[in-house]
$ cat entry-v9.cif   # mmCIF, C-alpha atoms
data_coords
loop_
_atom_site.label_atom_id
_atom_site.label_comp_id
_atom_site.auth_asym_id
_atom_site.auth_seq_id
_atom_site.Cartn_x
_atom_site.Cartn_y
_atom_site.Cartn_z
CA MET A 18 -76.06 3.05 -5.67
CA LEU A 19 -76.58 0.30 -8.23
CA ALA A 20 -77.53 2.84 -10.90
CA GLN A 21 -74.27 4.73 -10.26
CA GLN A 22 -72.15 1.61 -10.67
CA TYR A 23 -73.86 0.69 -13.92
CA GLY A 24 -73.71 4.33 -15.01
CA LEU A 25 -69.91 3.99 -14.95
CA ILE A 26 -70.17 0.83 -17.08
CA GLY A 27 -72.52 2.70 -19.42
CA VAL A 28 -70.08 5.60 -19.82
CA PHE A 29 -67.27 3.11 -20.43
CA ALA A 30 -69.35 1.23 -23.03
CA LEU A 31 -70.22 4.50 -24.76
CA ILE A 32 -66.54 5.54 -24.96
CA ALA A 33 -65.61 2.06 -26.21
CA PHE A 34 -68.28 2.35 -28.90
CA ILE A 35 -67.24 5.84 -30.03
CA PHE A 36 -63.48 5.22 -29.84
CA PRO A 37 -63.00 3.34 -33.14
CA PHE A 38 -65.06 5.91 -35.06
CA VAL A 39 -63.03 8.80 -33.64
CA THR A 40 -59.77 6.97 -34.36
CA LEU A 41 -60.74 6.20 -37.95
CA ALA A 42 -62.05 9.72 -38.56
CA PHE A 43 -58.87 11.28 -37.12
CA THR A 44 -56.51 9.11 -39.19
CA TRP A 45 -58.66 9.85 -42.25
CA LEU A 46 -58.19 13.59 -41.56
CA ILE A 47 -54.41 13.64 -41.10
CA ARG A 48 -53.27 10.90 -43.49
CA PRO A 49 -51.86 11.64 -46.95
CA LYS A 50 -54.23 10.41 -49.66
CA ARG A 51 -52.24 8.91 -52.56
CA PRO A 52 -53.96 5.60 -53.42
CA ASN A 53 -52.62 3.05 -55.89
CA PRO A 54 -53.94 -0.45 -56.77
CA ILE A 55 -51.49 -2.30 -54.49
CA LYS A 56 -52.33 -0.11 -51.51
CA GLN A 57 -56.04 -0.60 -52.19
CA SER A 58 -55.82 -4.42 -52.30
CA THR A 59 -56.93 -6.56 -49.37
CA TYR A 60 -54.12 -7.03 -46.89
CA GLU A 61 -53.78 -10.44 -45.29
CA CYS A 62 -50.29 -10.82 -43.79
CA GLY A 63 -48.78 -9.98 -47.15
CA ILE A 64 -50.30 -13.05 -48.79
CA GLU A 65 -52.82 -12.70 -51.59
CA THR A 66 -56.30 -13.62 -50.42
CA VAL A 67 -57.93 -16.76 -51.79
CA GLY A 68 -61.66 -17.19 -52.37
CA ASP A 69 -64.63 -15.84 -50.52
CA ALA A 70 -65.00 -15.25 -46.77
CA TRP A 71 -68.65 -16.39 -46.97
CA VAL A 72 -67.91 -20.11 -47.05
CA GLN A 73 -69.63 -23.01 -45.38
CA PHE A 74 -67.84 -23.99 -42.19
CA ARG A 75 -67.09 -27.49 -40.97
CA ALA A 76 -70.05 -29.08 -39.16
CA GLN A 77 -67.79 -30.18 -36.34
CA TYR A 78 -67.68 -26.64 -34.99
CA TYR A 79 -71.32 -27.13 -34.01
CA LEU A 80 -70.42 -29.93 -31.59
CA PHE A 81 -67.88 -27.66 -29.92
CA ALA A 82 -70.54 -24.94 -29.69
CA LEU A 83 -73.00 -27.36 -28.06
CA ILE A 84 -70.41 -28.46 -25.49
CA PHE A 85 -69.55 -24.82 -24.89
CA VAL A 86 -73.22 -23.97 -24.18
CA VAL A 87 -73.35 -26.57 -21.39
CA PHE A 88 -70.24 -25.21 -19.69
CA ASP A 89 -71.51 -21.67 -20.18
CA LEU A 90 -74.64 -22.61 -18.22
CA GLU A 91 -72.43 -24.15 -15.55
CA ALA A 92 -70.64 -20.80 -15.28
CA ILE A 93 -73.88 -18.87 -14.73
CA PHE A 94 -74.87 -21.30 -11.95
CA LEU A 95 -71.50 -20.94 -10.25
CA PHE A 96 -71.48 -17.14 -10.54
CA PRO A 97 -73.86 -16.41 -7.58
CA PHE A 98 -72.05 -19.04 -5.54
CA ALA A 99 -68.75 -17.28 -6.20
CA VAL A 100 -70.26 -13.93 -5.13
CA ALA A 101 -71.56 -15.50 -1.90
CA PHE A 102 -68.36 -17.49 -1.33
CA ASN A 103 -67.27 -15.66 1.84
CA LYS A 104 -70.64 -16.12 3.51
CA VAL A 105 -71.44 -19.77 2.93
CA GLY A 106 -68.71 -21.85 4.58
CA TRP A 107 -66.97 -25.11 3.77
CA PHE A 108 -69.98 -27.34 3.29
CA ALA A 109 -71.21 -25.11 0.45
CA LEU A 110 -67.81 -25.46 -1.21
CA PHE A 111 -68.32 -29.23 -1.05
CA GLU A 112 -71.73 -28.83 -2.73
CA ALA A 113 -70.25 -26.68 -5.48
CA ILE A 114 -67.49 -29.25 -6.02
CA ILE A 115 -70.16 -31.95 -6.52
CA PHE A 116 -71.80 -29.65 -9.09
CA VAL A 117 -68.52 -29.15 -10.96
CA LEU A 118 -67.58 -32.85 -10.70
CA MET A 119 -70.86 -33.84 -12.32
CA LEU A 120 -69.96 -31.79 -15.38
CA PHE A 121 -66.36 -32.95 -15.18
CA PHE A 122 -67.72 -36.46 -15.84
CA GLY A 123 -69.46 -34.97 -18.87
CA LEU A 124 -66.12 -33.58 -20.06
CA ILE A 125 -64.49 -37.00 -19.59
CA TYR A 126 -67.37 -38.56 -21.55
CA ALA A 127 -66.88 -36.06 -24.37
CA TRP A 128 -63.15 -36.80 -24.33
CA LYS A 129 -63.67 -40.59 -24.38
CA LYS A 130 -66.14 -40.30 -27.25
CA ASN A 131 -63.51 -38.38 -29.21
CA ALA A 132 -65.89 -35.43 -29.39
CA LEU A 133 -62.95 -33.10 -28.78
CA GLU A 134 -60.81 -34.60 -31.56
CA TRP A 135 -60.51 -32.72 -34.81
CA GLN A 136 -61.24 -34.98 -37.76
CA MET B 25 -86.57 10.90 -14.50
CA VAL B 26 -83.17 9.80 -15.82
CA GLY B 27 -84.27 6.21 -15.32
CA GLN B 28 -87.37 6.82 -17.43
CA ALA B 29 -85.33 8.40 -20.23
CA LEU B 30 -82.81 5.54 -20.12
CA PHE B 31 -85.64 3.02 -20.26
CA ILE B 32 -87.24 4.65 -23.29
CA LEU B 33 -83.87 4.93 -25.04
CA THR B 34 -82.97 1.29 -24.33
CA ALA B 35 -86.41 -0.01 -25.23
CA GLY B 36 -86.31 1.96 -28.48
CA ILE B 37 -82.88 0.61 -29.44
CA THR B 38 -84.02 -2.93 -28.54
CA LEU B 39 -87.08 -2.58 -30.75
CA LEU B 40 -84.97 -1.24 -33.63
CA MET B 41 -82.62 -4.20 -33.25
CA ALA B 42 -85.58 -6.60 -33.25
CA LEU B 43 -86.88 -4.92 -36.42
CA GLY B 44 -83.42 -5.40 -37.90
CA VAL B 45 -83.63 -9.14 -37.16
CA VAL B 46 -86.86 -9.38 -39.12
CA LEU B 47 -85.95 -7.07 -42.00
CA ALA B 48 -82.26 -7.84 -42.57
CA ARG B 49 -81.83 -9.42 -45.99
CA ASN B 50 -78.69 -11.28 -44.99
CA LEU B 51 -79.34 -13.99 -42.38
CA PHE B 52 -75.94 -13.44 -40.77
CA HIS B 53 -76.70 -9.74 -40.26
CA ALA B 54 -80.05 -10.76 -38.75
CA ALA B 55 -78.15 -12.87 -36.20
CA LEU B 56 -75.95 -9.89 -35.32
CA PHE B 57 -79.06 -7.71 -34.85
CA LEU B 58 -80.37 -10.46 -32.56
CA VAL B 59 -77.27 -10.05 -30.38
CA GLY B 60 -78.04 -6.34 -30.17
CA ALA B 61 -81.64 -7.05 -29.14
CA PHE B 62 -80.46 -9.52 -26.47
CA PHE B 63 -78.09 -6.88 -25.13
CA GLY B 64 -80.90 -4.32 -24.98
CA ILE B 65 -82.96 -6.80 -22.92
CA ALA B 66 -79.98 -7.26 -20.58
CA VAL B 67 -79.79 -3.49 -20.07
CA LEU B 68 -83.54 -3.44 -19.34
CA PHE B 69 -83.04 -6.15 -16.68
CA ILE B 70 -80.29 -4.08 -15.08
CA LEU B 71 -82.49 -0.96 -15.15
CA LEU B 72 -85.01 -3.06 -13.19
CA GLU B 73 -82.18 -3.86 -10.72
CA ALA B 74 -82.36 -7.54 -11.69
CA GLU B 75 -78.60 -7.89 -11.91
CA PHE B 76 -78.49 -11.67 -11.98
CA LEU B 77 -80.99 -11.84 -14.82
CA GLY B 78 -78.95 -9.23 -16.69
CA ALA B 79 -75.77 -11.26 -16.27
CA ALA B 80 -77.59 -14.47 -17.23
CA GLN B 81 -79.02 -12.74 -20.29
CA ILE B 82 -75.55 -11.70 -21.46
CA ILE B 83 -73.77 -14.95 -20.63
CA ILE B 84 -76.46 -17.37 -21.82
CA TYR B 85 -78.27 -15.55 -24.61
CA ILE B 86 -75.37 -13.62 -26.13
CA GLY B 87 -72.58 -15.96 -25.07
CA ALA B 88 -74.25 -19.26 -25.85
CA ILE B 89 -77.49 -19.07 -27.81
CA ALA B 90 -76.43 -16.34 -30.23
CA THR B 91 -73.18 -18.25 -30.77
CA LEU B 92 -75.15 -21.40 -31.59
CA ILE B 93 -77.34 -19.47 -34.05
CA VAL B 94 -74.31 -17.90 -35.74
CA PHE B 95 -72.65 -21.32 -35.98
CA ALA B 96 -75.82 -22.85 -37.41
CA ILE B 97 -75.86 -20.14 -40.10
CA MET B 98 -72.16 -20.55 -40.87
CA LEU B 99 -72.61 -24.31 -41.25
CA SER B 100 -75.56 -24.07 -43.64
CA ARG B 101 -74.50 -24.37 -47.24
CA HIS B 102 -77.18 -22.28 -48.84
CA VAL B 103 -77.42 -19.28 -46.57
CA MET B 104 -73.91 -17.92 -46.07
CA GLY B 105 -73.51 -14.63 -47.85
CA LYS B 106 -76.76 -14.94 -49.76
CA GLU B 107 -79.39 -12.28 -49.65
CA ALA B 108 -82.86 -13.51 -48.84
CA GLY B 109 -86.01 -11.48 -48.86
CA ALA B 110 -87.99 -11.01 -45.67
CA TYR B 111 -91.25 -11.56 -47.54
CA ASN B 112 -92.87 -14.51 -49.23
CA ARG B 113 -96.32 -15.30 -50.57
CA ASN B 114 -97.78 -15.97 -47.13
CA TRP B 115 -96.91 -12.62 -45.60
CA TYR B 116 -100.54 -11.54 -45.08
CA PHE B 117 -101.26 -14.69 -43.03
CA ALA B 118 -98.27 -13.78 -40.86
CA LEU B 119 -99.51 -10.19 -40.59
CA ALA B 120 -102.97 -11.36 -39.49
CA GLY B 121 -101.44 -13.67 -36.86
CA VAL B 122 -99.12 -10.96 -35.57
CA VAL B 123 -101.92 -8.38 -35.30
CA PHE B 124 -104.09 -10.94 -33.48
CA PHE B 125 -101.36 -11.74 -30.95
CA PHE B 126 -100.53 -8.05 -30.50
CA LEU B 127 -104.17 -7.26 -29.68
CA LEU B 128 -104.43 -10.33 -27.41
CA LEU B 129 -101.26 -9.48 -25.47
CA GLY B 130 -102.17 -5.78 -25.30
CA TRP B 131 -105.62 -6.65 -23.96
CA LEU B 132 -104.11 -9.02 -21.38
CA LEU B 133 -101.57 -6.42 -20.25
CA ILE B 134 -104.27 -3.78 -19.80
CA LYS B 135 -106.74 -6.09 -18.06
CA MET B 136 -104.22 -7.87 -15.86
CA PRO B 137 -104.18 -6.57 -12.25
CA PHE B 138 -100.46 -6.32 -11.53
CA ASN B 139 -99.42 -6.37 -7.88
CA LEU B 140 -96.70 -3.76 -7.62
CA VAL B 141 -94.05 -4.63 -5.04
CA THR B 142 -92.48 -1.49 -3.67
CA ALA B 143 -89.81 -3.20 -1.55
CA GLU B 144 -86.19 -2.26 -2.30
CA VAL B 145 -84.02 -4.80 -4.09
CA PRO B 146 -81.33 -5.80 -1.58
CA ALA B 147 -77.84 -4.67 -2.56
CA ASP B 148 -76.42 -8.19 -2.20
CA ALA B 149 -79.15 -9.90 -4.23
CA ILE B 150 -76.68 -12.04 -6.21
CA ALA B 151 -74.96 -13.19 -3.00
CA GLN B 152 -78.38 -14.10 -1.61
CA ILE B 153 -79.13 -16.15 -4.73
CA GLY B 154 -75.78 -17.87 -4.22
CA GLN B 155 -76.60 -18.61 -0.59
CA GLY B 156 -79.93 -19.99 -1.76
CA PHE B 157 -78.18 -22.27 -4.26
CA VAL B 158 -76.05 -23.94 -1.61
CA GLY B 159 -78.55 -23.60 1.22
CA HIS B 160 -82.30 -23.89 0.85
CA TYR B 161 -82.31 -24.78 -2.87
CA VAL B 162 -79.35 -27.15 -2.87
CA VAL B 163 -81.29 -30.08 -4.36
CA PRO B 164 -82.49 -28.13 -7.45
CA PHE B 165 -78.94 -26.78 -7.76
CA GLU B 166 -77.44 -30.27 -7.89
CA VAL B 167 -80.26 -31.56 -10.10
CA ALA B 168 -79.39 -28.74 -12.51
CA SER B 169 -75.88 -30.19 -12.81
CA VAL B 170 -77.36 -33.62 -13.63
CA LEU B 171 -79.60 -31.94 -16.21
CA LEU B 172 -76.59 -30.24 -17.78
CA LEU B 173 -74.75 -33.58 -17.80
CA VAL B 174 -77.68 -35.21 -19.59
CA ALA B 175 -77.80 -32.33 -22.08
CA LEU B 176 -74.07 -32.68 -22.73
CA ILE B 177 -74.25 -36.45 -23.30
CA GLY B 178 -77.37 -36.04 -25.44
CA ALA B 179 -75.72 -33.36 -27.55
CA ILE B 180 -72.67 -35.56 -28.14
CA MET B 181 -74.85 -38.60 -28.97
CA LEU B 182 -76.93 -36.60 -31.45
CA ALA B 183 -74.01 -34.86 -33.06
CA ARG B 184 -71.78 -37.95 -33.31
CA GLU B 185 -74.29 -40.34 -34.84
CA ARG B 186 -74.96 -38.99 -38.27
#
$ encode --input "entry-v9.cif" --output "structure tokens"
Amino acid sequence: MLAQQYGLIGVFALIAFIFPFVTLAFTWLIRPKRPNPIKQSTYECGIETVGDAWVQFRAQYYLFALIFVVFDLEAIFLFPFAVAFNKVGWFALFEAIIFVLMLFFGLIYAWKKNALEWQ
Amino acid sequence: MVGQALFILTAGITLLMALGVVLARNLFHAALFLVGAFFGIAVLFILLEAEFLGAAQIIIYIGAIATLIVFAIMLSRHVMGKEAGAYNRNWYFALAGVVFFFLLLGWLLIKMPFNLVTAEVPADAIAQIGQGFVGHYVVPFEVASVLLLVALIGAIMLARER
């Protein structure tokens, strides 16, 4: 039963993986091939590209990533609760709200500390 | 039979990805191989009918930890886009350590008497975990939220005070 359900996901994942290769190969087969330097240049919304893509990123992204990790963990804790939602009644909803509120305070703390501001 | 073949295929791909992590010359590519290895582990969990662990593996390891690693690489000045060798002068020490741990773990796995549980995994295992979270294990569940709150505040404190 379970294996069948995940088999469908597996088939879907396989098709999703193969799809871009097939698309690229097909367009490569049927397209006319008349390159010139302008066609070969990197296209970025019609604007000439500047510099290297391998640059050092702003350290502030890391703070966002750390905050994201905490809320990601919250999501994995709430996921089984959401699956069991129809079986557990109102009191359980109250418990889950306490769980979410606790992290909501964390969000308010982050907000107050200007951790969400871009500087 | 099909399960066995799927397991061998997945385990093989996971091992190849793990090898890629170690051997990739570009640190960023190593991180991407790591995502592949994490995904292989998630598939292994699902083959073992441990759906919740599979979902947790994808959401936490790929969604969060791999993201953190990729960010850490992108923020480091000296690594982005540079090729770095996988070897240095101490490689034979590492090899000796790895062989030792491989033999130790292999010996433990062979000697360990594993109790095989033949009971079926219930179809609503995730729902049962959820019921456990708000029923019998409600205190650990709420304590986990406090732990996450502490982690969040700690992360902000550490990252803000430079």
$ residues_around --input "entry-v9.cif" --residues "B:Phe76" --least-positions-apart "5" --cutoff "8 Å" --atoms "only C-alpha atoms" --output "ChimeraX atom specification"
/A:97 /B:149-150
$ interface_residues --input "entry-v9.cif" --of "chain A" --to "chain B" --cutoff "6 Å" --atoms "only C-alpha atoms" --output "VMD selection string"
chain A and resid 71 73 to 74 76 86 97 to 98 100 to 101 109 116 120 123
$ closest_residue --input "entry-v9.cif" --among "B:Ala48, B:Met25, B:Val59, B:Glu144" --to "B:Ala74" --atoms "all atoms listed in the file"
B:Glu144
$ atom_distance --input "entry-v9.cif" --atom1 "atom CA of B:Leu33" --atom2 "atom CA of B:Leu68"
10.1 Å
$ resolve_selection --input "entry-v9.cif" --expression "the PyMOL selection byres ((chain A and resi 134) around 12)" --output "PyMOL selection string"
(chain A and resi 77-78+80-81+127-133+135-136) or (chain B and resi 184)
$ atom_distance --input "entry-v9.cif" --atom1 "atom CA of B:Ala143" --atom2 "atom CA of B:Leu39"
29.3 Å
$ atom_distance --input "entry-v9.cif" --atom1 "atom CA of A:Ala113" --atom2 "atom CA of A:Gln22"
28.8 Å
$ decode --input "entry-v9.cif" --residues "stretch 27-70 of chain A" --atoms "N, CA and C atoms" --output "tab-separated table (two decimals), in the first residue's frame"
chain	number	residue	atom	x	y	z
A	27	GLY	N	7.86	8.17	-6.92
A	27	GLY	CA	9.12	7.83	-7.57
A	27	GLY	C	9.03	8.01	-9.07
A	28	VAL	N	7.93	7.51	-9.67
A	28	VAL	CA	7.75	7.67	-11.12
A	28	VAL	C	7.71	9.15	-11.48
A	29	PHE	N	6.97	9.92	-10.67
A	29	PHE	CA	6.86	11.36	-10.91
A	29	PHE	C	8.24	12.02	-10.84
A	30	ALA	N	9.02	11.64	-9.80
A	30	ALA	CA	10.35	12.24	-9.62
A	30	ALA	C	11.24	11.89	-10.81
A	31	LEU	N	11.13	10.63	-11.28
A	31	LEU	CA	11.93	10.20	-12.42
A	31	LEU	C	11.61	11.03	-13.66
A	32	ILE	N	10.28	11.20	-13.92
A	32	ILE	CA	9.87	11.99	-15.09
A	32	ILE	C	10.37	13.43	-14.94
A	33	ALA	N	10.24	13.98	-13.73
A	33	ALA	CA	10.68	15.35	-13.50
A	33	ALA	C	12.17	15.49	-13.75
A	34	PHE	N	12.93	14.43	-13.40
A	34	PHE	CA	14.38	14.46	-13.59
A	34	PHE	C	14.76	14.38	-15.07
A	35	ILE	N	14.01	13.51	-15.81
A	35	ILE	CA	14.35	13.29	-17.22
A	35	ILE	C	13.87	14.44	-18.10
A	36	PHE	N	12.76	15.08	-17.68
A	36	PHE	CA	12.08	16.06	-18.52
A	36	PHE	C	13.01	17.15	-19.09
A	37	PRO	N	13.81	17.83	-18.24
A	37	PRO	CA	14.66	18.88	-18.81
A	37	PRO	C	15.66	18.36	-19.84
A	38	PHE	N	16.20	17.16	-19.62
A	38	PHE	CA	17.15	16.60	-20.57
A	38	PHE	C	16.48	16.36	-21.92
A	39	VAL	N	15.27	15.77	-21.86
A	39	VAL	CA	14.55	15.48	-23.11
A	39	VAL	C	14.23	16.79	-23.82
A	40	THR	N	13.77	17.80	-23.06
A	40	THR	CA	13.42	19.08	-23.66
A	40	THR	C	14.63	19.70	-24.35
A	41	LEU	N	15.76	19.72	-23.63
A	41	LEU	CA	16.97	20.33	-24.19
A	41	LEU	C	17.44	19.56	-25.42
A	42	ALA	N	17.41	18.22	-25.33
A	42	ALA	CA	17.87	17.41	-26.46
A	42	ALA	C	16.97	17.65	-27.67
A	43	PHE	N	15.66	17.73	-27.45
A	43	PHE	CA	14.71	17.90	-28.55
A	43	PHE	C	14.90	19.25	-29.22
A	44	THR	N	15.02	20.33	-28.41
A	44	THR	CA	15.24	21.65	-29.01
A	44	THR	C	16.58	21.69	-29.74
A	45	TRP	N	17.57	20.99	-29.20
A	45	TRP	CA	18.88	20.95	-29.86
A	45	TRP	C	18.75	20.29	-31.23
A	46	LEU	N	17.86	19.27	-31.33
A	46	LEU	CA	17.68	18.54	-32.58
A	46	LEU	C	17.00	19.41	-33.63
A	47	ILE	N	15.95	20.13	-33.26
A	47	ILE	CA	15.12	20.78	-34.28
A	47	ILE	C	15.51	22.23	-34.53
A	48	ARG	N	16.40	22.81	-33.67
A	48	ARG	CA	16.67	24.24	-33.85
A	48	ARG	C	17.63	24.46	-35.01
A	49	PRO	N	17.54	25.64	-35.66
A	49	PRO	CA	18.58	26.01	-36.63
A	49	PRO	C	19.84	26.39	-35.88
A	50	LYS	N	21.00	26.05	-36.44
A	50	LYS	CA	22.26	26.32	-35.74
A	50	LYS	C	23.08	27.35	-36.51
A	51	ARG	N	22.83	28.63	-36.24
A	51	ARG	CA	23.61	29.71	-36.88
A	51	ARG	C	24.11	30.66	-35.79
A	52	PRO	N	25.16	30.27	-35.07
A	52	PRO	CA	25.62	31.10	-33.94
A	52	PRO	C	26.33	32.36	-34.40
A	53	ASN	N	26.23	33.43	-33.62
A	53	ASN	CA	27.10	34.59	-33.78
A	53	ASN	C	27.43	35.12	-32.39
A	54	PRO	N	28.42	35.98	-32.25
A	54	PRO	CA	28.91	36.36	-30.90
A	54	PRO	C	27.81	36.92	-30.00
A	55	ILE	N	26.88	37.69	-30.55
A	55	ILE	CA	25.83	38.28	-29.71
A	55	ILE	C	24.89	37.21	-29.19
A	56	LYS	N	24.54	36.25	-30.07
A	56	LYS	CA	23.69	35.15	-29.61
A	56	LYS	C	24.38	34.32	-28.54
A	57	GLN	N	25.70	34.20	-28.65
A	57	GLN	CA	26.44	33.33	-27.72
A	57	GLN	C	26.65	33.99	-26.37
A	58	SER	N	26.47	35.33	-26.27
A	58	SER	CA	26.78	36.02	-25.02
A	58	SER	C	25.74	35.65	-23.95
A	59	THR	N	26.13	35.89	-22.68
A	59	THR	CA	25.25	35.56	-21.57
A	59	THR	C	24.05	36.50	-21.57
A	60	TYR	N	22.88	35.94	-21.47
A	60	TYR	CA	21.66	36.75	-21.50
A	60	TYR	C	21.18	37.01	-20.08
A	61	GLU	N	21.07	38.28	-19.71
A	61	GLU	CA	20.51	38.58	-18.40
A	61	GLU	C	19.56	39.77	-18.56
A	62	CYS	N	18.34	39.50	-18.98
A	62	CYS	CA	17.31	40.53	-19.18
A	62	CYS	C	17.78	41.61	-20.13
A	63	GLY	N	18.63	41.27	-21.07
A	63	GLY	CA	19.07	42.25	-22.04
A	63	GLY	C	20.16	43.17	-21.55
A	64	ILE	N	20.53	43.04	-20.27
A	64	ILE	CA	21.58	43.90	-19.72
A	64	ILE	C	22.88	43.12	-19.70
A	65	GLU	N	23.99	43.82	-20.01
A	65	GLU	CA	25.27	43.12	-19.98
A	65	GLU	C	25.63	42.73	-18.56
A	66	THR	N	26.13	41.50	-18.40
A	66	THR	CA	26.43	41.01	-17.05
A	66	THR	C	27.67	41.69	-16.51
A	67	VAL	N	27.66	41.86	-15.16
A	67	VAL	CA	28.78	42.53	-14.50
A	67	VAL	C	29.42	41.56	-13.52
A	68	GLY	N	30.70	41.35	-13.61
A	68	GLY	CA	31.46	40.61	-12.60
A	68	GLY	C	31.17	39.13	-12.59
A	69	ASP	N	31.55	38.53	-11.51
A	69	ASP	CA	31.55	37.09	-11.33
A	69	ASP	C	30.34	36.68	-10.49
A	70	ALA	N	29.78	35.49	-10.77
A	70	ALA	CA	28.67	35.02	-9.93
A	70	ALA	C	29.18	34.43	-8.61
